[in-house]
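Text of the file query01.csv, holding CSV, C-alpha atoms and all ligand atoms:
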chain,number,residue,atom,x,y,z
A,1,MET,CA,14.3,-30.3,-6.0
A,2,LYS,CA,13.0,-27.1,-7.6
A,3,THR,CA,13.7,-24.0,-5.5
A,4,HIS,CA,11.2,-21.2,-5.7
A,5,ASN,CA,12.2,-17.6,-6.3
A,6,PRO,CA,12.5,-16.1,-2.8
A,7,PHE,CA,11.6,-12.6,-3.9
A,8,VAL,CA,8.1,-11.3,-4.2
A,9,TYR,CA,6.7,-8.1,-5.7
A,10,GLY,CA,3.4,-6.8,-6.7
A,11,GLU,CA,1.5,-8.6,-4.0
A,12,ILE,CA,1.4,-8.6,-0.2
A,13,VAL,CA,4.5,-10.4,1.0
A,14,GLY,CA,4.2,-13.3,3.4
A,15,ALA,CA,6.4,-14.1,6.3
A,16,ALA,CA,9.2,-15.7,4.2
A,17,ALA,CA,9.8,-12.6,2.0
A,18,PHE,CA,9.3,-10.1,4.7
A,19,ALA,CA,12.3,-8.0,5.7
A,20,ASP,CA,13.0,-5.9,8.8
A,21,ARG,CA,10.2,-3.7,10.3
A,22,ASP,CA,10.4,-5.3,13.7
A,23,ALA,CA,9.9,-2.1,15.5
A,24,GLU,CA,6.9,-1.2,13.3
A,25,ARG,CA,5.3,-4.6,13.7
A,26,ALA,CA,5.6,-4.5,17.5
A,27,ARG,CA,4.2,-1.0,17.7
A,28,LEU,CA,1.3,-1.5,15.4
A,29,ALA,CA,0.4,-4.8,17.1
A,30,GLN,CA,0.5,-3.2,20.5
A,31,ASP,CA,-1.6,-0.2,19.5
A,32,LEU,CA,-4.2,-2.4,17.9
A,33,MET,CA,-4.3,-4.6,20.9
A,34,GLU,CA,-5.0,-1.6,23.1
A,35,GLY,CA,-7.9,-0.5,20.9
A,36,GLN,CA,-6.1,2.5,19.4
A,37,LYS,CA,-7.1,4.1,16.2
A,38,VAL,CA,-3.9,4.3,14.2
A,39,PHE,CA,-3.2,6.2,11.0
A,40,LEU,CA,-0.5,4.5,8.8
A,41,ILE,CA,0.8,6.6,6.1
A,42,SER,CA,3.5,6.2,3.4
A,43,PRO,CA,4.0,6.7,-0.3
A,44,ARG,CA,2.9,3.9,-2.5
A,45,ARG,CA,4.7,0.5,-2.5
A,46,TYR,CA,6.5,1.0,0.8
A,47,GLY,CA,4.9,-2.0,2.4
A,48,LYS,CA,1.8,-0.8,4.3
A,49,SER,CA,-0.4,-3.7,3.3
A,50,SER,CA,2.3,-6.2,3.9
A,51,LEU,CA,2.9,-4.8,7.4
A,52,ILE,CA,-0.8,-4.9,8.2
A,53,ARG,CA,-1.2,-8.4,7.0
A,54,ASP,CA,1.7,-9.5,9.1
A,55,VAL,CA,0.4,-7.8,12.2
A,56,MET,CA,-3.1,-9.2,11.7
A,57,ARG,CA,-1.7,-12.7,11.5
A,58,THR,CA,0.0,-12.2,14.8
A,59,LEU,CA,-3.1,-10.8,16.4
A,60,SER,CA,-5.4,-13.5,15.2
A,61,GLN,CA,-3.0,-16.0,16.8
A,62,GLN,CA,-3.7,-14.2,20.0
A,63,HIS,CA,-7.5,-14.7,19.7
A,64,ILE,CA,-8.2,-11.2,18.4
A,65,LEU,CA,-10.8,-11.1,15.7
A,66,THR,CA,-9.3,-9.4,12.7
A,67,VAL,CA,-10.9,-7.8,9.6
A,68,GLU,CA,-9.2,-6.3,6.6
A,69,VAL,CA,-11.0,-4.2,4.0
A,70,THR,CA,-9.6,-2.3,1.0
A,71,VAL,CA,-11.7,0.9,0.8
A,72,ALA,CA,-10.5,1.6,-2.7
A,73,ALA,CA,-12.0,-1.6,-4.0
A,74,SER,CA,-15.4,-0.1,-3.8
A,75,SER,CA,-16.9,2.1,-6.5
A,76,SER,CA,-19.4,3.9,-4.3
A,77,TYR,CA,-20.1,4.7,-0.7
A,78,ILE,CA,-22.9,2.2,-0.5
A,79,GLY,CA,-20.7,-0.4,-2.2
A,80,PHE,CA,-18.1,0.3,0.5
A,81,LEU,CA,-20.7,-0.1,3.3
A,82,GLU,CA,-21.8,-3.4,1.8
A,83,SER,CA,-18.3,-4.8,1.5
A,84,TYR,CA,-17.4,-3.6,5.0
A,85,ALA,CA,-20.5,-5.0,6.6
A,86,ARG,CA,-20.0,-8.3,4.8
A,87,ALA,CA,-16.4,-8.6,6.0
A,88,LEU,CA,-17.4,-7.8,9.6
A,89,VAL,CA,-20.3,-10.3,9.6
A,90,ALA,CA,-18.2,-13.0,8.0
A,91,ALA,CA,-15.1,-12.6,10.2
A,92,ASP,CA,-14.5,-16.0,11.7
A,93,THR,CA,-18.1,-17.0,11.4
A,94,PRO,CA,-18.9,-20.6,10.5
A,95,PRO,CA,-21.0,-20.8,7.3
A,96,ASN,CA,-24.0,-22.3,8.9
A,97,ARG,CA,-24.3,-19.4,11.3
A,98,LEU,CA,-23.9,-16.7,8.8
A,99,ARG,CA,-27.5,-16.1,8.0
A,100,ARG,CA,-28.7,-15.8,11.6
A,101,TRP,CA,-25.7,-13.8,12.7
A,102,ALA,CA,-26.2,-11.3,9.8
A,103,SER,CA,-29.9,-10.8,10.6
A,104,GLU,CA,-29.2,-10.4,14.3
A,105,LEU,CA,-26.6,-7.8,13.7
A,106,LEU,CA,-28.2,-5.9,10.9
A,107,ASP,CA,-31.8,-6.3,11.8
A,108,SER,CA,-32.8,-2.6,11.5
A,109,VAL,CA,-31.3,-2.1,8.0
A,110,ARG,CA,-32.6,-5.3,6.5
A,111,PRO,CA,-29.8,-6.5,4.3
A,112,GLU,CA,-30.3,-8.8,1.3
A,113,LEU,CA,-28.2,-11.9,1.7
A,114,ARG,CA,-27.0,-14.2,-1.0
A,115,PHE,CA,-25.3,-17.5,-0.5
A,116,ASP,CA,-23.4,-19.2,-3.2
A,117,ALA,CA,-23.9,-22.8,-2.6
A,118,ARG,CA,-21.5,-24.1,-5.2
A,119,PRO,CA,-19.6,-27.0,-3.6
A,120,GLY,CA,-15.9,-26.4,-2.8
A,121,ARG,CA,-16.4,-22.7,-2.3
A,122,ASP,CA,-16.5,-21.9,1.4
A,123,ALA,CA,-19.1,-19.5,2.4
A,124,ALA,CA,-19.2,-17.3,-0.7
A,125,PHE,CA,-21.8,-15.0,0.6
A,126,SER,CA,-22.7,-11.5,-0.3
A,127,LEU,CA,-24.7,-8.8,1.4
A,128,ALA,CA,-26.4,-5.9,-0.2
A,129,PHE,CA,-28.6,-3.0,0.8
A,130,PRO,CA,-30.8,-2.5,-2.3
A,131,ALA,CA,-33.4,-0.4,-0.4
A,132,VAL,CA,-30.8,2.3,0.4
A,133,ARG,CA,-31.0,5.1,-2.2
A,134,THR,CA,-31.0,8.6,-0.8
A,135,ALA,CA,-28.1,10.3,1.0
A,136,ARG,CA,-30.2,10.2,4.2
A,137,GLU,CA,-30.7,6.5,4.0
A,138,ALA,CA,-27.0,6.0,3.3
A,139,ALA,CA,-26.1,8.0,6.4
A,140,ARG,CA,-28.4,5.9,8.5
A,141,LEU,CA,-27.0,2.8,7.1
A,142,ALA,CA,-23.5,4.0,7.7
A,143,ALA,CA,-24.2,4.6,11.3
A,144,GLU,CA,-25.4,1.1,11.7
A,145,VAL,CA,-22.5,-0.4,9.9
A,146,PHE,CA,-19.9,1.6,11.7
A,147,ALA,CA,-21.4,0.6,15.0
A,148,LEU,CA,-21.1,-3.1,14.1
A,149,PRO,CA,-17.6,-3.8,15.4
A,150,GLY,CA,-18.6,-2.6,18.8
A,151,LYS,CA,-21.6,-5.0,18.8
A,152,ILE,CA,-19.6,-7.9,17.5
A,153,ALA,CA,-16.8,-7.4,20.0
A,154,ALA,CA,-19.3,-7.3,22.8
A,155,ALA,CA,-21.4,-10.3,21.6
A,156,ARG,CA,-18.4,-12.5,21.0
A,157,ARG,CA,-16.5,-11.2,24.1
A,158,GLN,CA,-13.5,-10.8,21.8
A,159,ARG,CA,-11.2,-7.9,21.1
A,160,MET,CA,-11.1,-6.9,17.4
A,161,ALA,CA,-8.6,-5.3,15.1
A,162,ILE,CA,-9.8,-3.7,11.9
A,163,ALA,CA,-7.7,-2.5,8.9
A,164,LEU,CA,-9.2,-0.1,6.4
A,165,ASP,CA,-6.6,0.0,3.6
A,166,GLU,CA,-6.4,2.6,0.9
A,167,PHE,CA,-8.3,4.8,3.4
A,168,GLN,CA,-7.7,8.0,1.4
A,169,THR,CA,-10.5,6.9,-0.9
A,170,ILE,CA,-13.0,7.6,1.9
A,171,ALA,CA,-12.6,11.3,1.3
A,172,THR,CA,-14.2,10.8,-2.2
A,173,PHE,CA,-17.4,9.3,-0.8
A,174,ASP,CA,-20.2,11.5,0.4
A,175,GLY,CA,-18.5,14.8,0.8
A,176,GLY,CA,-16.9,14.2,4.2
A,177,ASN,CA,-19.9,13.1,6.2
A,178,VAL,CA,-18.5,9.7,6.2
A,179,GLU,CA,-15.4,10.8,8.1
A,180,HIS,CA,-17.7,12.3,10.8
A,181,ALA,CA,-19.8,9.2,11.1
A,182,LEU,CA,-16.8,6.8,11.2
A,183,ARG,CA,-14.9,8.9,13.8
A,184,ALA,CA,-18.0,9.2,16.0
A,185,ALA,CA,-18.5,5.5,15.9
A,186,VAL,CA,-15.0,4.3,16.5
A,187,GLN,CA,-14.2,6.5,19.4
A,188,ASP,CA,-16.7,4.6,21.5
A,189,GLN,CA,-15.3,1.2,20.6
A,190,ARG,CA,-12.7,0.6,23.3
A,191,GLN,CA,-12.4,-3.1,22.4
A,192,VAL,CA,-11.7,-2.4,18.8
A,193,GLY,CA,-8.3,-1.3,17.4
A,194,TYR,CA,-8.3,0.3,13.9
A,195,VAL,CA,-5.6,1.0,11.4
A,196,PHE,CA,-6.5,3.4,8.7
A,197,ALA,CA,-3.8,3.0,6.0
A,198,GLY,CA,-3.3,5.3,3.0
A,199,SER,CA,-0.9,5.8,0.2
A,200,GLU,CA,-1.4,9.4,-0.7
A,201,PRO,CA,0.4,11.2,2.0
A,202,SER,CA,-1.0,14.6,1.2
A,203,LEU,CA,-4.6,13.4,1.3
A,204,MET,CA,-4.0,11.4,4.4
A,205,GLU,CA,-2.2,14.2,6.2
A,206,ARG,CA,-5.0,16.6,5.3
A,207,MET,CA,-7.5,14.3,7.1
A,208,LEU,CA,-5.5,14.8,10.3
A,209,THR,CA,-5.6,18.6,10.3
A,210,PRO,CA,-7.5,20.5,13.0
A,211,LYS,CA,-10.8,21.0,11.3
A,212,ARG,CA,-11.3,17.4,10.2
A,213,PRO,CA,-13.0,14.7,12.2
A,214,PHE,CA,-9.9,12.5,12.6
A,215,TYR,CA,-7.8,15.2,14.1
A,216,LYS,CA,-6.1,13.7,17.1
A,217,ALA,CA,-8.0,10.5,16.8
A,218,GLY,CA,-5.0,8.4,17.6
A,219,PRO,CA,-1.3,7.7,16.9
A,220,VAL,CA,0.1,8.4,13.4
A,221,MET,CA,2.7,6.0,12.0
A,222,ARG,CA,4.6,7.3,9.0
A,223,LEU,CA,6.1,4.2,7.4
A,224,GLU,CA,9.7,4.9,6.1
A,225,LYS,CA,11.8,2.9,3.8
A,226,ILE,CA,13.4,-0.3,5.1
A,227,ARG,CA,16.9,0.4,6.4
A,228,GLU,CA,19.3,0.0,3.6
A,229,ALA,CA,21.8,-2.2,5.3
A,230,GLU,CA,19.2,-4.6,6.6
A,231,PHE,CA,17.4,-4.8,3.2
A,232,SER,CA,20.7,-5.5,1.5
A,233,ALA,CA,21.7,-8.2,3.9
A,234,PHE,CA,18.2,-9.7,3.6
A,235,ILE,CA,18.5,-9.9,-0.2
A,236,GLU,CA,22.0,-11.5,0.0
A,237,GLY,CA,20.7,-13.9,2.6
A,238,ARG,CA,17.9,-15.1,0.3
A,239,PHE,CA,20.3,-15.6,-2.6
A,240,LYS,CA,22.5,-17.7,-0.4
A,241,ALA,CA,19.7,-19.7,1.0
A,242,THR,CA,18.6,-20.7,-2.5
A,243,GLY,CA,22.0,-21.9,-3.4
A,244,LEU,CA,23.4,-18.9,-5.3
A,245,SER,CA,26.6,-17.3,-4.3
A,246,PHE,CA,27.0,-13.6,-4.9
A,247,GLU,CA,29.6,-11.0,-5.7
A,248,PRO,CA,30.3,-8.7,-2.7
A,249,GLY,CA,28.2,-5.5,-3.0
A,250,LEU,CA,25.4,-7.1,-4.9
A,251,GLY,CA,22.8,-6.4,-2.1
A,252,ASP,CA,23.8,-2.8,-1.9
A,253,ALA,CA,23.7,-2.4,-5.7
A,254,ILE,CA,20.2,-3.8,-5.9
A,255,VAL,CA,19.0,-1.5,-3.1
A,256,GLU,CA,20.6,1.5,-4.6
A,257,LEU,CA,19.5,0.9,-8.1
A,258,ALA,CA,15.9,0.5,-6.8
A,259,ALA,CA,16.2,3.7,-4.8
A,260,ASN,CA,15.4,1.5,-1.8
A,261,VAL,CA,11.7,1.4,-2.6
A,262,PRO,CA,10.7,-2.0,-1.3
A,263,TYR,CA,8.7,-3.0,-4.4
A,264,ASP,CA,11.5,-2.0,-6.7
A,265,VAL,CA,14.1,-3.8,-4.6
A,266,GLN,CA,12.1,-7.0,-4.7
A,267,ARG,CA,11.4,-6.7,-8.4
A,268,LEU,CA,15.0,-6.3,-9.3
A,269,ALA,CA,16.1,-9.2,-7.0
A,270,HIS,CA,13.3,-11.4,-8.3
A,271,GLU,CA,14.1,-10.8,-11.9
A,272,ALA,CA,17.9,-11.2,-11.4
A,273,TRP,CA,17.3,-14.4,-9.6
A,274,ASP,CA,15.2,-15.7,-12.4
A,275,ASP,CA,17.8,-14.8,-15.1
A,276,VAL,CA,20.6,-16.5,-13.3
A,277,ARG,CA,18.5,-19.6,-12.6
A,278,ALA,CA,17.4,-19.8,-16.3
A,279,ALA,CA,21.1,-19.7,-17.3
A,280,ARG,CA,21.7,-22.6,-14.9
A,281,ARG,CA,24.4,-20.6,-13.0
A,282,LYS,CA,25.3,-20.9,-9.4
A,283,ALA,CA,26.7,-17.4,-8.8
A,284,ILE,CA,25.4,-13.9,-9.5
A,285,GLY,CA,27.5,-10.8,-10.0
A,286,LEU,CA,27.1,-7.1,-10.7
A,287,ASP,CA,27.2,-7.8,-14.5
A,288,ASP,CA,24.3,-10.1,-14.2
A,289,LEU,CA,22.3,-7.4,-12.4
A,290,HIS,CA,23.1,-5.1,-15.2
A,291,GLN,CA,21.9,-7.6,-17.8
A,292,THR,CA,18.7,-8.0,-15.9
A,293,LEU,CA,18.2,-4.3,-15.8
A,294,ILE,CA,18.7,-4.0,-19.6
A,295,ARG,CA,16.1,-6.8,-20.1
A,296,LEU,CA,13.6,-5.1,-17.9
A,297,LEU,CA,14.1,-1.7,-19.6
A,298,GLY,CA,13.5,-3.4,-22.9
A,299,GLU,CA,10.3,-5.0,-21.7
A,300,GLN,CA,9.0,-1.7,-20.4
A,301,GLN,CA,10.0,0.3,-23.4
A,302,MET,CA,6.5,0.7,-24.8
A,303,VAL,CA,5.0,1.8,-21.4
A,304,PHE,CA,7.8,4.3,-20.8
A,305,GLU,CA,7.6,5.7,-24.3
A,306,GLU,CA,3.9,6.2,-24.0
A,307,SER,CA,4.3,7.9,-20.7
A,308,TRP,CA,7.1,10.2,-22.2
A,309,GLN,CA,4.9,11.0,-25.2
A,310,ARG,CA,2.1,12.2,-23.0
A,311,LEU,CA,4.3,14.7,-21.2
A,312,THR,CA,4.6,18.3,-22.5
A,313,LEU,CA,8.0,19.5,-23.5
A,314,PRO,CA,8.7,21.5,-20.3
A,315,GLN,CA,7.6,18.4,-18.3
A,316,ARG,CA,10.1,16.2,-20.2
A,317,ALA,CA,12.9,18.6,-19.6
A,318,VAL,CA,12.1,18.9,-16.0
A,319,LEU,CA,11.9,15.1,-15.6
A,320,ARG,CA,15.3,14.7,-17.2
A,321,ALA,CA,16.7,17.4,-14.9
A,322,ILE,CA,15.3,15.6,-11.8
A,323,VAL,CA,17.0,12.5,-12.8
A,324,LEU,CA,20.3,14.1,-13.7
A,325,GLU,CA,20.5,16.5,-10.8
A,326,GLY,CA,19.3,14.1,-8.2
A,327,GLY,CA,16.1,16.1,-7.8
A,328,ARG,CA,17.7,19.1,-6.1
A,329,GLU,CA,17.8,22.8,-6.8
A,330,LEU,CA,15.5,22.6,-9.8
A,331,LEU,CA,14.4,26.2,-9.6
A,332,SER,CA,17.9,27.6,-9.4
A,333,ALA,CA,19.2,29.6,-12.4
A,334,ASP,CA,22.2,27.4,-12.6
A,335,VAL,CA,20.2,24.2,-13.1
A,336,ARG,CA,17.7,25.8,-15.4
A,337,THR,CA,20.5,27.0,-17.7
A,338,ARG,CA,22.3,23.7,-17.7
A,339,HIS,CA,19.2,21.8,-18.6
A,340,ARG,CA,17.6,24.5,-20.8
A,341,LEU,CA,14.6,24.7,-18.5
A,342,PRO,CA,11.9,27.4,-18.7
A,343,GLY,CA,11.4,30.1,-16.1
A,344,ALA,CA,11.0,29.1,-12.4
A,345,SER,CA,7.3,29.3,-12.4
A,346,SER,CA,7.0,27.0,-15.4
A,347,VAL,CA,9.3,24.6,-13.8
A,348,GLN,CA,7.2,24.7,-10.7
A,349,SER,CA,4.0,23.9,-12.7
A,350,ALA,CA,5.8,21.1,-14.5
A,351,LEU,CA,6.9,19.6,-11.2
A,352,ALA,CA,3.3,19.8,-9.9
A,353,ALA,CA,2.1,18.0,-13.0
A,354,LEU,CA,4.7,15.3,-12.7
A,355,VAL,CA,3.7,14.7,-9.1
A,356,LYS,CA,0.0,14.7,-10.0
A,357,GLN,CA,0.6,12.1,-12.7
A,358,ASP,CA,2.3,9.9,-10.1
A,359,ILE,CA,5.6,10.0,-12.0
A,360,CYS,CA,7.6,11.8,-9.3
A,361,GLN,CA,7.2,12.7,-5.7
A,362,LYS,CA,8.9,14.9,-3.2
A,363,GLU,CA,11.0,13.1,-0.6
A,364,ASP,CA,13.1,14.7,2.1
A,365,GLY,CA,13.2,18.0,0.2
A,366,ARG,CA,14.1,16.6,-3.2
A,367,TYR,CA,12.2,15.2,-6.2
A,368,VAL,CA,12.5,11.5,-7.0
A,369,VAL,CA,11.1,9.4,-9.8
A,370,ASN,CA,8.7,6.9,-8.4
A,371,ASP,CA,9.6,4.0,-10.6
A,372,SER,CA,13.3,3.3,-10.6
A,373,LEU,CA,13.2,1.6,-14.0
A,374,TYR,CA,11.6,4.7,-15.5
A,375,ARG,CA,14.4,6.7,-14.0
A,376,GLU,CA,17.0,4.5,-15.6
A,377,TRP,CA,15.1,4.6,-18.9
A,378,VAL,CA,15.1,8.4,-18.8
A,379,VAL,CA,18.9,8.5,-18.2
A,380,ARG,CA,19.6,6.1,-21.1
A,381,ILE,CA,17.1,6.8,-23.8
A,382,THR,CA,16.1,10.4,-23.7
A,383,TYR,CA,17.9,13.6,-24.7
B,401,LIG,N1,8.8,-5.8,4.8
B,401,LIG,C1,9.0,-6.0,3.5
B,401,LIG,N2,10.1,-6.8,3.2
B,401,LIG,C2,10.3,-7.1,1.9
B,401,LIG,N3,9.7,-6.6,0.9
B,401,LIG,C3,8.6,-5.8,1.1
B,401,LIG,C4,8.2,-5.5,2.5
B,401,LIG,N4,7.2,-4.7,2.4
B,401,LIG,C5,6.9,-4.5,1.1
B,401,LIG,N5,7.8,-5.1,0.3
B,401,LIG,C6,7.8,-5.1,-1.2
B,401,LIG,O1,7.0,-4.0,-1.6
B,401,LIG,C7,5.9,-4.5,-2.4
B,401,LIG,C8,4.7,-3.6,-2.0
B,401,LIG,O2,4.3,-3.8,-0.7
B,401,LIG,P1,2.8,-3.5,-0.2
B,401,LIG,O3,1.8,-3.8,-1.3
B,401,LIG,O4,2.7,-4.0,1.1
B,401,LIG,O5,3.0,-1.9,-0.1
B,401,LIG,P2,1.9,-0.8,0.1
B,401,LIG,O6,2.5,0.3,0.8
B,401,LIG,O7,0.6,-1.3,0.6
B,401,LIG,O8,1.7,-0.3,-1.4
B,401,LIG,P3,0.4,0.4,-2.1
B,401,LIG,O9,0.4,1.8,-1.5
B,401,LIG,O10,0.7,0.5,-3.6
B,401,LIG,O11,-0.8,-0.3,-1.7
B,401,LIG,C9,5.7,-5.9,-2.0
B,401,LIG,O12,5.1,-6.6,-3.1
B,401,LIG,C10,7.1,-6.4,-1.8
B,401,LIG,O13,7.7,-6.7,-3.0
B,402,MG,MG,-1.3,-1.4,-0.1
What would the structure in this file look like if it were written as structure tokens?
Ligand SMILES: Nc1ncnc2c1ncn2[C@@H]1O[C@H](COP(=O)(O)OP(=O)(O)OP(=O)(O)O)[C@@H](O)[C@H]1O
Ligand SMILES: [Mg+2]
Amino acid sequence: MKTHNPFVYGEIVGAAAFADRDAERARLAQDLMEGQKVFLISPRRYGKSSLIRDVMRTLSQQHILTVEVTVAASSSYIGFLESYARALVAADTPPNRLRRWASELLDSVRPELRFDARPGRDAAFSLAFPAVRTAREAARLAAEVFALPGKIAAARRQRMAIALDEFQTIATFDGGNVEHALRAAVQDQRQVGYVFAGSEPSLMERMLTPKRPFYKAGPVMRLEKIREAEFSAFIEGRFKATGLSFEPGLGDAIVELAANVPYDVQRLAHEAWDDVRAARRKAIGLDDLHQTLIRLLGEQQMVFEESWQRLTLPQRAVLRAIVLEGGRELLSADVRTRHRLPGASSVQSALAALVKQDICQKEDGRYVVNDSLYREWVVRITY
């Protein structure tokens, strides 16, 4: 029998590849069930979307109506309102009732509905507001759409849980009015729990400051990394369950090499598993892991080279220093001399540029390279 690779990266992980997070799952589920408005914040690729999907699955088993929308998938404010309205109307609605339900709910804003009747595709239906053009019309539409969950929960006598993922994008729509409108609408909806999830911590945190509408709107969850020991044991468990024995320390080595970023951990484990399987071997050791790393670095060579070429010379020097110094004390005279860095203020602006380009971030007072493969490439290839 063919065994599937038990490791998943680059997409939302299902129950089988999901590690740890018991406390976070329980807390988020409870908050949503109580109709709280939760902010979920973490750097990219820590597992927000996976956590949300998992919790939503649990909630829908408990007869709670769930809706997930990715805000960043929309290219405009009205586009977002359309996709949000569509998701709300379609939630758990049988296809033959969609048309009536949509016009009942959205009567006053007269949506244009399209149904794709191609056989085999269930309820491909879209909803548009072509008449909405001006900012004022958009604001009116937004008020209607944001009130929908309350109406739906009341009409169906069901609690709801709504996830707005990549929520930081909302700040780019309509100069902040959208935050006011959404906050005003959600605070009256006691039957509806919301989770607003975002991956740019600085943008998300700014939304929660005193002068912004979402200030004190509800609990804030800052998703941390998965605990190292649990992640490592989880990885080893999956190797074992798929018939591969492993050298002691393999799980820890994977977690460490991946800087314990969930995506990077799963990537390394997935690729190592593939390599060992392709070689028809039954055991995996630290050497194999190293071979896989070398292969991955080779495959990414072009991407990393391009990224490196785009950096200014001071940025390159600072990036190397981050990697070699573990991201600490980069402004000190000592580190600057050792790595031939420019003056402190130039180092500071290079750091800011690296963060802005999503190459590095600050974590617990030190700088880290976001992509652990890029970090390894910098160590090995650059001077
Ligand atoms: N609980 C988990 N157990 C195991 N692996 C996980 C877990 N959560 C996330 N991952 C790994 O991290 C990857 C990214 O997860 P996910 O897309 O949920 O993160 P995210 O925080 O939503 O990222 P982004 O900010 O880029 O949207 C997954 O594809 C998976 O490989
Ligand atoms: Mg996500």
| task | Rounded to one decimal place, report the atom CA of A:Val195-atom CA of A:Phe167 distance in Å. | result |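 Taking atom CA of A:Val195 and atom CA of A:Phe167, their separation equals 9.3 Å.
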If you take only C-alpha atoms and all ligand atoms and a cut-off of 8 Å, which residues of chain A touch ligand MG 402 (chain B), and what are their nearest atom pairs and distances in Å to one decimal, in chain and number order, as a tab-separated table?
residue	atom	partner	partner_atom	distance
A:Ile12	CA	B:MG402	MG	7.7
A:Arg44	CA	B:MG402	MG	7.2
A:Arg45	CA	B:MG402	MG	6.7
A:Gly47	CA	B:MG402	MG	6.7
A:Lys48	CA	B:MG402	MG	5.4
A:Ser49	CA	B:MG402	MG	4.2
A:Ser50	CA	B:MG402	MG	7.2
A:Asp165	CA	B:MG402	MG	6.6
A:Glu166	CA	B:MG402	MG	6.6
A:Ala197	CA	B:MG402	MG	7.9
A:Gly198	CA	B:MG402	MG	7.6
A:Ser199	CA	B:MG402	MG	7.2
Could those selected residues go to a file with C-alpha atoms, as a PDB file, in the frame of the given file?
ATOM      1  CA  ILE A  12       1.400  -8.600  -0.200  1.00  0.00           C
ATOM      2  CA  ARG A  44       2.900   3.900  -2.500  1.00  0.00           C
ATOM      3  CA  ARG A  45       4.700   0.500  -2.500  1.00  0.00           C
ATOM      4  CA  GLY A  47       4.900  -2.000   2.400  1.00  0.00           C
ATOM      5  CA  LYS A  48       1.800  -0.800   4.300  1.00  0.00           C
ATOM      6  CA  SER A  49      -0.400  -3.700   3.300  1.00  0.00           C
ATOM      7  CA  SER A  50       2.300  -6.200   3.900  1.00  0.00           C
ATOM      8  CA  ASP A 165      -6.600   0.000   3.600  1.00  0.00           C
ATOM      9  CA  GLU A 166      -6.400   2.600   0.900  1.00  0.00           C
ATOM     10  CA  ALA A 197      -3.800   3.000   6.000  1.00  0.00           C
ATOM     11  CA  GLY A 198      -3.300   5.300   3.000  1.00  0.00           C
ATOM     12  CA  SER A 199      -0.900   5.800   0.200  1.00  0.00           C
TER      13      SER A 199
END
task = Enumerate as a PyMOL selection string the residues within 10 Å of ligand LIG 401 (chain B), counting only C-alpha atoms and all ligand atoms.
result = chain A and resi 7-22+24-25+40-54+70+72+165-166+197-200+223+225-226+230-231+234-235+261-270
Exercise for review: Using only C-alpha atoms, pick whichever of A:Thr172, A:Gln191, A:Gln357, A:Ser108 has the shortest atom-to-atom distance to A:Val145.
Suggested key: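 Ranked by minimum distance to A:Val145, first place goes to A:Ser108.
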Selection near A:Ser75, 12 Å with only C-alpha atoms, sequence-local residues under 5 positions removed, as a tab-separated table (two decimals) with C-alpha atoms, keeping the file's coordinate frame:
chain	number	residue	atom	x	y	z
A	70	THR	CA	-9.60	-2.30	1.00
A	80	PHE	CA	-18.10	0.30	0.50
A	81	LEU	CA	-20.70	-0.10	3.30
A	82	GLU	CA	-21.80	-3.40	1.80
A	83	SER	CA	-18.30	-4.80	1.50
A	169	THR	CA	-10.50	6.90	-0.90
A	170	ILE	CA	-13.00	7.60	1.90
A	172	THR	CA	-14.20	10.80	-2.20
A	173	PHE	CA	-17.40	9.30	-0.80
Could you list, as a VMD selection string, every residue within 12 Å of stretch 292-298 of chain A, counting all atoms listed in the file and ignoring same-chain residues fewer than 2 positions away? chain A and resid 253 to 254 257 to 258 264 to 265 267 to 276 278 284 to 290 300 to 305 371 to 381
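Shortest separation to A:Ala321 among A:Asp334, A:Glu299, A:Glu112, A:Glu34 occurs at residue A:Asp334, atoms counted being only C-alpha atoms.
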